[in-house]
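Reading through the C-alpha cells given below for one structure.
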Amino acid sequence: MHVPILKQGDYLIATIQSVLSDADLLQLRDDLADRVGQFRSRGVIIDVTVLDVIDSFATRTLRGVAHMLKLRGAETVIAGIQPDVAFAMVQLGLTLEGVGTALDLEEGLAFLNAKTKRGGSVWRGPIPSRSAPKAPLDAQIRKANRRRK
Amino acid sequence: MSTFNEELCVPIKSDSDIVEARQKGRALAIQLGFSGSDPTVIAAAISEVARNIVNHATRGEIVLSGIHESSRLGIQVLARDEGPGIADIEQAMQYGYSSGKGMGVGLPGAKWLMDEFDIKSQVGKGTSVTMRKWVR
C-alpha cells in the first residue's frame, strides 16, 4: 500500500492510509528521503493513526527515517500513535528516543513550527473554557430559526 | 486444556504474511472476548514471532486457536518453522541480543506481552514458539 506524501509549505505530510508491510515502510522511507531533497522541506509529519501495531521493525524504521531526514536538514514528527499501540510498544521495550512525537496532525504542525522557525514558540491556541459549554444542538437550531424569521 | 474452533493456520513466507497473521490474530482475540489493549498486545506479539520466521527461517507458519482450561478462555499462538534452529536459546531470549537482523527485541518482547511463553528449538530442524494469553 503506497503512502501518499503531500507538500504543505515547508513541510511534507505522509498520512499512512492502511496497515503497512515492512516493504511498504521501507518504500515510505525512500520516498521521504527523495521528496525532502526535491521540495527542500524543513519538516516532515508521518501520521501513523491507522497503524494497528508498531512492532520492533516499524519502530526501528521510523527512528531510522527521522534520523536520516535530520541529516538532510528536516525535522520529523510521528503523529497519532494510538493508546493501545503505545501500550504494546512500552511492553515490548520500544522507544522512539530522539524522535518528535505528537498526539495528532495539528499538534504535529505546532511541533514543527516550534522546531523549524528560529525563535518560534509553540502556540497551542486558547485554553478551552469548560465553564461555558455549547448549547445543545436543538437549542442552536431553534436560535438559528428564530434569526431567520 | 483443550482447543476449540478450528485452528487458523497462516503460512509465513514473506513480510506481507506478518501483517495477515497479526490481523487474523487480532480478529480471533476480539472474537474470544479479549478487550481493551489486549487484542493489540496479542497482535504485536504475533508480529514479533512471525518476523522471527521471516528473518531467520524464511518459511514457517503461525497457528492460531482458541483454548479453554477449566472456566477460562484464552488464545494460543503457535509459531513454527523448519529453519536453522537456535543453538543457544538462553542467549536468544536476552533482551537486546541479536544475531544480525533486528533489534533483539522480538522473542523477549513477545514473552513480556503474553501470559505463557515456551520455545523449543533443535539446530538444523527448526524452532517452535508457543504463546498463550488468557481473557481477564
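Residues in the C-alpha cells are named by chain (A, B, ... in the order shown) and by number from 1 within that chain; ligands are numbered from 1 in the order shown.
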query: What residues in chain B lie within 7 Å of chain A, counting only C-alpha atoms, written as a list in words?
result: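 Every residue meeting the condition is included here: Asp15, Ser16, Val19, Ser37, Thr40, Val41, Ala43, Ala44, Ser47, Glu48, Gly102, Met103, Val105, Gly106, Gly109, Trp112 and Leu113 of chain B.
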- request: Please provide as a PyMOL selection string all residues within 7 Å of Ala79 of chain A, with the sequence filter that same-chain residues fewer than 4 positions apart are discarded (counting only C-alpha atoms).
  value: chain A and resi 45-48+101-105+108
Selection file, C-alpha atoms, as a compact mmCIF listing (two decimals), in the first residue's frame:
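Dumped to part.txt:
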```
# COMPACT_ATOMS: atom_id res chain seq x y z
CA ILE A 45 4.94 14.66 9.67
CA ILE A 46 4.28 10.93 9.49
CA ASP A 47 0.69 10.28 10.54
CA VAL A 48 0.51 6.72 11.91
CA THR A 101 6.03 12.70 18.57
CA ALA A 102 2.66 14.40 18.63
CA LEU A 103 -0.88 13.50 19.56
CA ASP A 104 -2.29 14.27 16.12
CA LEU A 105 -1.67 16.20 12.91
CA GLY A 108 2.48 17.76 14.82
```
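The two atoms in question, atom CA of Met1 of chain A and atom CA of Ile42 of chain B, are spaced 23.4 Å apart.
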Would you list the contacts of Gln76 of chain B as a compact mmCIF listing (two decimals) with all heavy atoms, in the first residue's frame, taking every protein, DNA or RNA residue within 9 Å and counting only C-alpha atoms, but skipping same-chain residues closer than 6 positions in sequence?
```
# COMPACT_ATOMS: atom_id res chain seq x y z
N THR B 3 -8.51 -27.22 22.87
CA THR B 3 -8.70 -26.15 21.88
C THR B 3 -10.10 -26.27 21.31
O THR B 3 -10.71 -27.32 21.36
CB THR B 3 -7.68 -26.24 20.73
OG1 THR B 3 -7.90 -27.47 20.06
CG2 THR B 3 -6.27 -26.15 21.22
N VAL B 63 -0.01 -20.78 13.81
CA VAL B 63 -1.30 -21.46 14.02
C VAL B 63 -1.99 -20.79 15.21
O VAL B 63 -1.45 -20.75 16.32
CB VAL B 63 -1.09 -22.97 14.29
CG1 VAL B 63 -2.44 -23.66 14.42
CG2 VAL B 63 -0.27 -23.59 13.18
N LEU B 64 -3.18 -20.26 14.96
CA LEU B 64 -3.92 -19.55 15.99
C LEU B 64 -5.10 -20.40 16.42
O LEU B 64 -5.78 -20.98 15.59
CB LEU B 64 -4.46 -18.22 15.43
CG LEU B 64 -3.42 -17.26 14.84
CD1 LEU B 64 -4.10 -16.23 13.96
CD2 LEU B 64 -2.66 -16.58 15.96
N SER B 65 -5.34 -20.49 17.73
CA SER B 65 -6.53 -21.22 18.17
C SER B 65 -7.06 -20.67 19.48
O SER B 65 -6.32 -20.08 20.27
CB SER B 65 -6.21 -22.72 18.30
OG SER B 65 -5.01 -22.90 19.00
N GLY B 66 -8.36 -20.87 19.67
CA GLY B 66 -8.98 -20.54 20.94
C GLY B 66 -8.76 -21.72 21.88
O GLY B 66 -8.77 -22.87 21.45
N ILE B 67 -8.51 -21.46 23.16
CA ILE B 67 -8.28 -22.55 24.11
C ILE B 67 -9.15 -22.31 25.35
O ILE B 67 -9.49 -21.19 25.66
CB ILE B 67 -6.79 -22.64 24.55
CG1 ILE B 67 -6.26 -21.26 24.95
CG2 ILE B 67 -5.95 -23.23 23.46
CD1 ILE B 67 -4.85 -21.29 25.50
N THR B 130 5.41 -21.42 21.44
CA THR B 130 4.00 -21.50 21.82
C THR B 130 3.73 -20.40 22.85
O THR B 130 4.42 -20.32 23.86
CB THR B 130 3.68 -22.86 22.44
OG1 THR B 130 4.17 -23.88 21.57
CG2 THR B 130 2.18 -23.04 22.63
N MET B 131 2.75 -19.56 22.55
CA MET B 131 2.41 -18.47 23.47
C MET B 131 0.92 -18.54 23.78
O MET B 131 0.13 -18.89 22.92
CB MET B 131 2.70 -17.10 22.84
CG MET B 131 4.02 -16.95 22.13
SD MET B 131 4.31 -15.24 21.63
CE MET B 131 3.18 -15.08 20.25
N ARG B 132 0.58 -18.20 25.02
CA ARG B 132 -0.85 -18.17 25.38
C ARG B 132 -1.14 -16.89 26.15
O ARG B 132 -0.28 -16.37 26.86
CB ARG B 132 -1.21 -19.35 26.28
CG ARG B 132 -1.05 -20.67 25.59
CD ARG B 132 -1.75 -21.78 26.35
NE ARG B 132 -1.40 -23.04 25.72
CZ ARG B 132 -0.48 -23.88 26.19
NH1 ARG B 132 0.13 -23.60 27.33
NH2 ARG B 132 -0.20 -24.98 25.55
N LYS B 133 -2.35 -16.42 25.98
CA LYS B 133 -2.83 -15.32 26.80
C LYS B 133 -4.28 -15.62 27.17
O LYS B 133 -5.03 -16.14 26.35
CB LYS B 133 -2.72 -13.99 26.04
CG LYS B 133 -2.81 -12.78 26.96
CD LYS B 133 -2.52 -11.50 26.20
CE LYS B 133 -2.52 -10.28 27.09
NZ LYS B 133 -1.34 -10.16 27.96
N TRP B 134 -4.63 -15.30 28.42
CA TRP B 134 -5.97 -15.61 28.92
C TRP B 134 -6.82 -14.36 28.99
O TRP B 134 -6.33 -13.28 29.31
CB TRP B 134 -5.88 -16.27 30.30
CG TRP B 134 -5.05 -17.52 30.29
CD1 TRP B 134 -3.75 -17.66 30.70
CD2 TRP B 134 -5.44 -18.81 29.79
NE1 TRP B 134 -3.32 -18.95 30.51
CE2 TRP B 134 -4.34 -19.68 29.96
CE3 TRP B 134 -6.62 -19.31 29.23
CZ2 TRP B 134 -4.38 -21.02 29.57
CZ3 TRP B 134 -6.65 -20.66 28.86
CH2 TRP B 134 -5.55 -21.49 29.03
```
Write out as a compact mmCIF listing (two decimals) with C-alpha atoms, in the first residue's frame all residues of segment 10-83 of chain A that backbone DSSP assigns to strand (DSSP E).
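Wrote it out as result-v4.txt, contents follow:
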```txt
# COMPACT_ATOMS: atom_id res chain seq x y z
CA TYR A 11 6.57 20.64 5.32
CA LEU A 12 5.75 17.19 3.97
CA ILE A 13 2.83 15.25 5.36
CA ALA A 14 2.76 11.47 4.90
CA THR A 15 -0.55 10.03 6.06
CA GLY A 43 9.79 19.33 8.42
CA VAL A 44 8.02 16.01 7.92
CA ILE A 45 4.94 14.66 9.67
CA ILE A 46 4.28 10.93 9.49
CA ASP A 47 0.69 10.28 10.54
CA GLU A 75 12.72 17.61 11.43
CA THR A 76 10.40 14.60 11.67
CA VAL A 77 7.42 14.16 13.91
CA ILE A 78 5.45 10.93 14.30
CA ALA A 79 1.81 11.80 14.91
```
